[in-house]
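Here is the file protein-v6.txt (compact mmCIF, C-alpha atoms).
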```txt
# COMPACT_ATOMS: atom_id res chain seq x y z
CA MET D 1 66.95 64.04 95.48
CA THR D 2 70.25 65.73 94.72
CA TYR D 3 73.49 65.13 96.59
CA LEU D 4 75.30 67.76 98.62
CA TRP D 5 78.48 67.93 96.53
CA SER D 6 81.27 68.62 99.00
CA VAL D 7 85.06 68.83 99.09
CA PHE D 8 87.72 68.16 101.72
CA THR D 9 89.47 71.51 102.03
CA LYS D 10 92.90 70.18 103.01
CA PRO D 11 94.52 71.46 99.76
CA TRP D 12 93.83 75.03 100.98
CA ILE D 13 94.50 74.37 104.66
CA GLY D 14 95.78 77.88 105.43
CA LEU D 15 92.93 79.92 103.94
CA PRO D 16 90.43 81.84 106.11
CA GLY D 17 86.79 80.92 105.75
CA ASP D 18 85.70 83.72 103.45
CA GLU D 19 88.47 83.11 100.89
CA LEU D 20 88.00 79.36 101.12
CA GLY D 21 84.26 79.61 100.65
CA ARG D 22 84.60 81.72 97.52
CA LEU D 23 87.21 79.39 96.07
CA ILE D 24 85.32 76.11 96.50
CA SER D 25 81.98 77.66 95.58
CA GLY D 26 83.60 78.77 92.35
CA LEU D 27 84.63 75.17 91.69
CA GLY D 28 81.00 74.06 91.91
CA PHE D 29 80.79 72.70 95.46
CA ALA D 30 78.12 73.46 98.06
CA GLY D 31 79.58 71.58 101.05
CA ALA D 32 82.94 71.22 102.78
CA GLU D 33 84.82 69.05 105.21
CA VAL D 34 87.20 71.28 107.17
CA PRO D 35 90.49 70.15 108.73
CA VAL D 36 90.73 71.12 112.40
CA ARG D 37 94.31 70.09 113.00
CA ASP D 38 97.51 71.62 114.32
CA THR D 39 98.58 72.47 110.76
CA ALA D 40 95.24 74.05 109.76
CA TYR D 41 93.80 77.55 109.87
CA VAL D 42 91.56 76.36 112.72
CA THR D 43 93.43 74.21 115.22
CA PRO D 44 91.92 72.11 118.03
CA ALA D 45 93.33 74.53 120.60
CA ILE D 46 91.36 77.49 119.20
CA ALA D 47 88.43 75.60 117.70
CA GLU D 48 85.84 76.68 120.26
CA ALA D 49 86.54 80.34 119.52
CA GLU D 50 87.36 80.18 115.82
CA LEU D 51 85.32 77.37 114.23
CA PRO D 52 81.96 79.18 114.63
CA LYS D 53 83.41 82.24 112.85
CA PHE D 54 85.03 80.10 110.16
CA THR D 55 81.87 78.12 109.40
CA ALA D 56 79.77 81.29 109.37
CA GLN D 57 82.09 82.67 106.70
CA LEU D 58 81.70 79.47 104.67
CA ARG D 59 77.91 79.64 104.93
CA ALA D 60 77.96 83.26 103.82
CA GLU D 61 79.54 82.00 100.58
CA GLY D 62 76.94 79.25 100.13
CA ILE D 63 79.04 76.41 101.57
CA GLU D 64 77.59 74.09 104.21
CA PRO D 65 80.14 72.39 106.53
CA ILE D 66 79.45 68.64 106.58
CA SER D 67 82.22 67.60 108.98
CA VAL D 68 85.61 68.36 110.44
CA ALA D 69 88.66 66.15 110.17
CA SER D 70 90.05 66.27 113.68
CA ASP D 71 90.36 64.45 117.00
CA LEU D 72 87.81 63.39 119.59
CA SER D 73 88.71 65.93 122.26
CA GLU D 74 85.86 67.64 124.08
CA GLN D 75 86.95 71.04 122.78
CA VAL D 76 86.40 69.84 119.19
CA PHE D 77 82.99 68.38 120.07
CA ALA D 78 82.00 71.67 121.72
CA ALA D 79 83.22 73.66 118.72
CA CYS D 80 81.23 71.50 116.31
CA ALA D 81 78.08 71.83 118.41
CA GLU D 82 78.43 75.61 118.55
CA SER D 83 79.11 75.75 114.80
CA GLY D 84 76.37 73.37 113.69
CA VAL D 85 78.87 70.90 112.24
CA PRO D 86 77.29 67.44 112.42
CA MET D 87 80.34 65.13 112.37
CA ILE D 88 83.97 64.67 113.40
CA ARG D 89 85.83 62.38 110.98
CA ILE D 90 88.72 60.25 112.21
CA MET D 91 90.68 57.17 111.11
CA ALA D 92 91.57 54.20 113.28
CA ASP D 93 95.36 54.10 113.46
CA LEU D 94 97.45 50.99 113.94
CA GLY D 95 100.54 51.04 116.09
CA PRO D 96 103.45 48.76 116.99
CA ASP D 97 101.15 46.85 119.36
CA GLY D 98 99.70 44.92 116.40
CA TYR D 99 96.33 44.89 114.69
CA ALA D 100 94.19 43.22 117.37
CA ALA D 101 95.57 45.40 120.16
CA ALA D 102 95.17 48.53 118.02
CA VAL D 103 91.54 47.67 117.29
CA ARG D 104 90.90 47.25 121.03
CA ARG D 105 92.61 50.59 121.69
CA ASN D 106 90.52 52.34 119.02
CA ARG D 107 87.35 50.73 120.31
CA GLU D 108 88.09 52.04 123.80
CA LEU D 109 88.64 55.52 122.34
CA LEU D 110 85.27 55.37 120.61
CA GLU D 111 83.51 54.05 123.71
CA ARG D 112 84.92 56.95 125.75
CA ALA D 113 83.54 59.33 123.13
CA VAL D 114 79.96 58.04 123.50
CA VAL D 115 79.18 60.49 126.28
CA LEU D 116 80.51 63.39 124.18
CA THR D 117 78.39 62.43 121.16
CA GLU D 118 75.35 62.51 123.45
CA ARG D 119 76.31 65.70 125.28
CA TYR D 120 76.95 67.70 122.10
CA ASP D 121 74.75 65.83 119.58
CA VAL D 122 77.72 65.45 117.21
CA GLN D 123 78.46 62.30 115.24
CA VAL D 124 81.77 60.48 114.89
CA GLY D 125 82.65 59.20 111.42
CA VAL D 126 85.36 56.57 110.98
CA GLN D 127 87.04 56.23 107.58
CA PRO D 128 89.06 53.21 106.44
CA HIS D 129 92.52 54.10 105.17
CA HIS D 130 95.16 52.05 103.37
CA GLY D 131 98.38 51.43 105.29
CA ARG D 132 98.80 51.88 109.04
CA TYR D 133 95.10 52.19 109.75
CA VAL D 134 92.09 49.90 109.81
CA SER D 135 92.07 49.68 106.05
CA SER D 136 88.80 48.04 105.02
CA THR D 137 85.18 49.05 105.21
CA LEU D 138 84.42 45.73 106.87
CA GLY D 139 87.12 46.34 109.48
CA VAL D 140 85.59 49.72 110.33
CA LEU D 141 82.11 48.21 110.56
CA GLN D 142 83.44 45.58 112.96
CA LEU D 143 85.05 48.37 115.01
CA LEU D 144 81.72 50.23 115.20
CA ASP D 145 79.56 47.19 115.91
CA GLY D 146 77.30 47.77 118.92
CA LEU D 147 78.05 51.49 119.26
CA PRO D 148 75.19 54.04 119.15
CA ASP D 149 73.83 55.31 115.84
CA ARG D 150 75.85 58.54 116.09
CA PHE D 151 78.94 56.50 115.13
CA LYS D 152 79.07 56.45 111.34
CA LEU D 153 81.01 54.93 108.46
CA VAL D 154 82.77 57.36 106.14
CA TRP D 155 83.03 55.16 103.06
CA ASP D 156 85.99 55.92 100.76
CA ALA D 157 86.13 54.85 97.12
CA ALA D 158 89.91 54.73 96.79
CA HIS D 159 90.64 52.93 100.04
CA ASP D 160 87.81 50.48 99.38
CA ALA D 161 89.45 49.64 96.06
CA LEU D 162 92.89 49.32 97.68
CA ALA D 163 91.37 46.82 100.11
CA GLY D 164 90.24 44.74 97.12
CA ASP D 165 86.55 45.33 97.77
CA HIS D 166 83.67 46.45 95.58
CA PRO D 167 81.13 49.20 96.32
CA ALA D 168 78.18 46.94 95.59
CA VAL D 169 79.28 44.81 98.56
CA THR D 170 80.68 47.27 101.08
CA LEU D 171 78.18 50.10 100.62
CA GLU D 172 75.31 47.67 101.08
CA LEU D 173 76.86 46.15 104.19
CA GLY D 174 77.54 49.61 105.61
CA ALA D 175 74.23 51.19 104.60
CA ASP D 176 72.84 51.46 108.14
CA ARG D 177 75.97 53.32 109.28
CA LEU D 178 76.68 55.34 106.14
CA GLY D 179 77.36 58.99 106.99
CA ILE D 180 79.53 60.36 104.16
CA VAL D 181 80.68 58.93 100.82
CA ASN D 182 84.24 60.01 99.95
CA LEU D 183 85.27 60.01 96.31
CA LYS D 184 88.86 59.79 95.14
CA ASN D 185 90.71 57.31 92.95
CA VAL D 186 94.00 55.46 93.00
CA HIS D 187 96.16 52.85 91.33
CA TYR D 188 99.58 51.35 91.95
CA LEU D 189 102.88 52.34 90.39
CA ARG D 190 106.03 50.28 90.45
CA ALA D 191 108.74 52.12 92.35
CA ASP D 192 112.05 51.17 93.99
CA GLY D 193 111.53 47.49 93.39
CA GLY D 194 108.02 47.51 94.83
CA TRP D 195 104.69 49.25 94.47
CA LYS D 196 103.37 52.58 95.72
CA THR D 197 99.90 54.09 95.72
CA ASN D 198 99.31 56.82 93.16
CA PHE D 199 96.19 58.96 93.62
CA VAL D 200 94.72 59.96 90.28
CA GLU D 201 91.69 61.47 88.59
CA ALA D 202 88.28 59.81 88.69
CA GLU D 203 88.51 57.81 85.47
CA ASP D 204 92.09 56.58 85.89
CA GLY D 205 91.99 54.45 89.03
CA LEU D 206 90.84 51.18 90.50
CA SER D 207 87.53 52.46 91.84
CA ASP D 208 84.50 52.41 89.54
CA TRP D 209 82.62 55.62 90.41
CA PRO D 210 79.59 54.81 88.21
CA ALA D 211 79.27 51.55 90.15
CA VAL D 212 79.34 53.59 93.37
CA PHE D 213 76.40 55.69 92.22
CA ALA D 214 74.50 52.66 90.96
CA THR D 215 74.76 51.19 94.46
CA LEU D 216 73.88 54.47 96.18
CA ARG D 217 70.74 54.63 94.04
CA GLN D 218 69.72 51.15 95.16
CA LEU D 219 70.31 52.16 98.78
CA ASN D 220 68.44 55.47 98.34
CA TYR D 221 71.39 57.28 99.90
CA SER D 222 70.86 61.02 100.24
CA GLY D 223 73.84 62.13 102.34
CA PRO D 224 76.90 64.16 101.38
CA ILE D 225 79.29 63.16 98.60
CA CYS D 226 82.78 64.47 99.38
CA LEU D 227 85.57 64.71 96.81
CA THR D 228 88.80 64.65 98.77
CA GLY D 229 91.08 66.45 96.32
CA GLN D 230 93.95 63.99 96.77
CA TYR D 231 96.25 63.64 93.76
CA SER D 232 99.80 62.34 93.86
CA ASP D 233 101.10 64.21 90.81
CA PRO D 234 101.38 67.97 91.48
CA ALA D 235 101.91 68.84 87.80
CA VAL D 236 98.26 69.86 87.35
CA PRO D 237 96.57 72.26 89.80
CA VAL D 238 94.27 70.48 92.23
CA GLU D 239 91.48 72.90 91.32
CA THR D 240 91.62 71.83 87.66
CA ARG D 241 91.43 68.17 88.57
CA LEU D 242 88.63 68.70 91.06
CA GLU D 243 86.48 70.54 88.53
CA LYS D 244 86.97 67.67 86.07
CA ASP D 245 86.27 65.01 88.70
CA LEU D 246 83.17 66.83 89.94
CA ARG D 247 81.80 66.89 86.38
CA PHE D 248 82.46 63.16 86.07
CA ALA D 249 80.80 62.46 89.42
CA VAL D 250 77.72 64.54 88.58
CA THR D 251 77.42 62.80 85.21
CA SER D 252 77.79 59.37 86.86
CA ALA D 253 75.14 60.27 89.43
CA ALA D 254 72.78 61.44 86.69
CA GLN D 255 73.09 58.04 85.05
CA HIS D 256 72.08 56.48 88.37
CA PRO D 257 69.88 59.13 90.03
CA SER D 258 68.99 58.84 93.68
CA ARG D 259 65.35 57.84 94.12
CA GLU D 260 62.88 60.22 95.71
```
Starting from the coordinates I provided, produce the structure as structure tokens.
Amino acid sequence: MTYLWSVFTKPWIGLPGDELGRLISGLGFAGAEVPVRDTAYVTPAIAEAELPKFTAQLRAEGIEPISVASDLSEQVFAACAESGVPMIRIMADLGPDGYAAAVRRNRELLERAVVLTERYDVQVGVQPHHGRYVSSTLGVLQLLDGLPDRFKLVWDAAHDALAGDHPAVTLELGADRLGIVNLKNVHYLRADGGWKTNFVEAEDGLSDWPAVFATLRQLNYSGPICLTGQYSDPAVPVETRLEKDLRFAVTSAAQHPSRE
């Protein structure tokens, strides 16, 4: 079993599908998560008309769309169904109402989306995110508890590390919900009397990618692996860093191959 090596295409958010497909195929990827946001080439308002064309252009370049990063509006569900995109990825935001109230609010949002997941046969993936979101894998799993199987965990290496967790624990606990594995890395830098997150290359951060693949092997995971292309320092082109990180990920996976 080989992984579908994918990339979040946010760094090239303004490119049309044909140019984007050629670019990321040239970097060595075969899958893509596509932003469908107000700042993207395909926005939610035009998604029903434009996403099928965009994804067809990607497929013509050998790139399979694994998900969109968007909202849970019906127009986005309909666009994904028409385009053959299996998942909408979101994050569970926290507001001034406090954590418990925000979790209830996000749970209500997900419950309202149940009928849309059934109508369009499109999954919803929820990713933990450091900061003003539900930040831990375990928090996301609690949020999803009791929802239908179409509601998935998008596990993220960097945010799992920022939460102080370890992939051997959180991937195993989330195995039944695991839809996508995101790979990026991060550490802290001291700044302005405090600390800030600094997103870095694969070998420089808090997350142990070889440990991720060792756990995925034990779980017999065969879904997409998505490198998110997030780096805080703009001094090196994102394409250069992604090529290096993809090589490191492929090498790490080869050391811990997925079982047939």
Counting only C-alpha atoms, the residue among D:Gly95, D:Gly223, D:Gly31, D:Gly62 that lies closest to Tyr3 (chain D) is D:Gly223
Residues within 10 Å of Val103 (chain D), please, as a VMD selection string. Count only C-alpha atoms; anything in the same chain fewer than 5 positions from it doesn't count.
chain D and resid 92 to 95 97 to 98 108 to 109 133 to 134 139 to 140 142 to 143
message: Could you tell me how far CA of His159 (chain D) sits from CA of Ala214 (chain D), in Å to one decimal place?
response: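 These atoms are spaced 18.5 Å apart.
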With distances taken over only C-alpha atoms, the candidate from D:Trp5, D:Phe77, D:Trp12, D:Tyr99 nearest Ala30 (chain D) is D:Trp5
Between D:Ala175, D:Glu203, D:Thr197, D:Arg132, which residue has the minimum interatomic distance to Arg247 (chain D), considering only C-alpha atoms?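 When distances to Arg247 (chain D) are compared using only C-alpha atoms, the smallest one comes from D:Glu203.
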Atom pair CA of Arg105 (chain D) + CA of Pro65 (chain D), distance 29.3 Å
Mind filling out region 128-155 of chain D with N, CA and C atoms and sending it as an mmCIF file, in the frame of the given file?
```cif
data_model
loop_
_atom_site.group_PDB
_atom_site.id
_atom_site.type_symbol
_atom_site.label_atom_id
_atom_site.label_comp_id
_atom_site.auth_asym_id
_atom_site.auth_seq_id
_atom_site.Cartn_x
_atom_site.Cartn_y
_atom_site.Cartn_z
ATOM 1 N N PRO D 128 87.944 54.137 106.691
ATOM 2 C CA PRO D 128 89.060 53.210 106.440
ATOM 3 C C PRO D 128 90.150 53.914 105.647
ATOM 4 N N HIS D 129 91.383 53.461 105.852
ATOM 5 C CA HIS D 129 92.520 54.100 105.170
ATOM 6 C C HIS D 129 93.612 53.064 104.970
ATOM 7 N N HIS D 130 94.092 52.976 103.732
ATOM 8 C CA HIS D 130 95.160 52.050 103.370
ATOM 9 C C HIS D 130 96.411 52.311 104.208
ATOM 10 N N GLY D 131 97.110 51.265 104.580
ATOM 11 C CA GLY D 131 98.380 51.430 105.290
ATOM 12 C C GLY D 131 98.224 51.180 106.782
ATOM 13 N N ARG D 132 98.752 52.097 107.588
ATOM 14 C CA ARG D 132 98.800 51.880 109.040
ATOM 15 C C ARG D 132 97.529 52.335 109.737
ATOM 16 N N TYR D 133 96.411 51.917 109.174
ATOM 17 C CA TYR D 133 95.100 52.190 109.750
ATOM 18 C C TYR D 133 94.230 50.958 109.530
ATOM 19 N N VAL D 134 93.093 50.898 110.195
ATOM 20 C CA VAL D 134 92.090 49.900 109.810
ATOM 21 C C VAL D 134 91.703 50.226 108.380
ATOM 22 N N SER D 135 92.014 49.315 107.468
ATOM 23 C CA SER D 135 92.070 49.680 106.050
ATOM 24 C C SER D 135 90.841 49.283 105.247
ATOM 25 N N SER D 136 89.952 48.495 105.799
ATOM 26 C CA SER D 136 88.800 48.040 105.020
ATOM 27 C C SER D 136 87.500 48.550 105.609
ATOM 28 N N THR D 137 86.515 48.686 104.753
ATOM 29 C CA THR D 137 85.180 49.050 105.210
ATOM 30 C C THR D 137 84.667 48.035 106.230
ATOM 31 N N LEU D 138 84.916 46.771 105.959
ATOM 32 C CA LEU D 138 84.420 45.730 106.870
ATOM 33 C C LEU D 138 85.115 45.802 108.214
ATOM 34 N N GLY D 139 86.407 46.159 108.216
ATOM 35 C CA GLY D 139 87.120 46.340 109.480
ATOM 36 C C GLY D 139 86.541 47.485 110.287
ATOM 37 N N VAL D 140 86.199 48.584 109.622
ATOM 38 C CA VAL D 140 85.590 49.720 110.330
ATOM 39 C C VAL D 140 84.216 49.333 110.869
ATOM 40 N N LEU D 141 83.432 48.622 110.087
ATOM 41 C CA LEU D 141 82.110 48.210 110.560
ATOM 42 C C LEU D 141 82.225 47.295 111.775
ATOM 43 N N GLN D 142 83.214 46.428 111.791
ATOM 44 C CA GLN D 142 83.440 45.580 112.960
ATOM 45 C C GLN D 142 83.807 46.448 114.163
ATOM 46 N N LEU D 143 84.643 47.470 113.938
ATOM 47 C CA LEU D 143 85.050 48.370 115.010
ATOM 48 C C LEU D 143 83.849 49.118 115.601
ATOM 49 N N LEU D 144 82.880 49.447 114.760
ATOM 50 C CA LEU D 144 81.720 50.230 115.200
ATOM 51 C C LEU D 144 80.577 49.369 115.727
ATOM 52 N N ASP D 145 80.669 48.076 115.561
ATOM 53 C CA ASP D 145 79.560 47.190 115.910
ATOM 54 C C ASP D 145 79.139 47.379 117.366
ATOM 55 N N GLY D 146 77.842 47.627 117.572
ATOM 56 C CA GLY D 146 77.300 47.770 118.920
ATOM 57 C C GLY D 146 77.341 49.178 119.475
ATOM 58 N N LEU D 147 78.015 50.103 118.809
ATOM 59 C CA LEU D 147 78.050 51.490 119.260
ATOM 60 C C LEU D 147 76.759 52.195 118.861
ATOM 61 N N PRO D 148 76.423 53.316 119.503
ATOM 62 C CA PRO D 148 75.190 54.040 119.150
ATOM 63 C C PRO D 148 75.188 54.519 117.698
ATOM 64 N N ASP D 149 74.011 54.919 117.240
ATOM 65 C CA ASP D 149 73.830 55.310 115.840
ATOM 66 C C ASP D 149 74.645 56.540 115.453
ATOM 67 N N ARG D 150 75.064 57.345 116.417
ATOM 68 C CA ARG D 150 75.850 58.540 116.090
ATOM 69 C C ARG D 150 77.238 58.186 115.564
ATOM 70 N N PHE D 151 77.642 56.929 115.653
ATOM 71 C CA PHE D 151 78.940 56.500 115.130
ATOM 72 C C PHE D 151 78.730 55.985 113.710
ATOM 73 N N LYS D 152 79.356 56.651 112.750
ATOM 74 C CA LYS D 152 79.070 56.450 111.340
ATOM 75 C C LYS D 152 80.283 55.921 110.575
ATOM 76 N N LEU D 153 79.998 55.319 109.435
ATOM 77 C CA LEU D 153 81.010 54.930 108.460
ATOM 78 C C LEU D 153 81.191 56.063 107.457
ATOM 79 N N VAL D 154 82.437 56.479 107.251
ATOM 80 C CA VAL D 154 82.770 57.360 106.140
ATOM 81 C C VAL D 154 83.396 56.468 105.074
ATOM 82 N N TRP D 155 82.584 56.092 104.109
ATOM 83 C CA TRP D 155 83.030 55.160 103.060
ATOM 84 C C TRP D 155 83.928 55.906 102.084
#
```
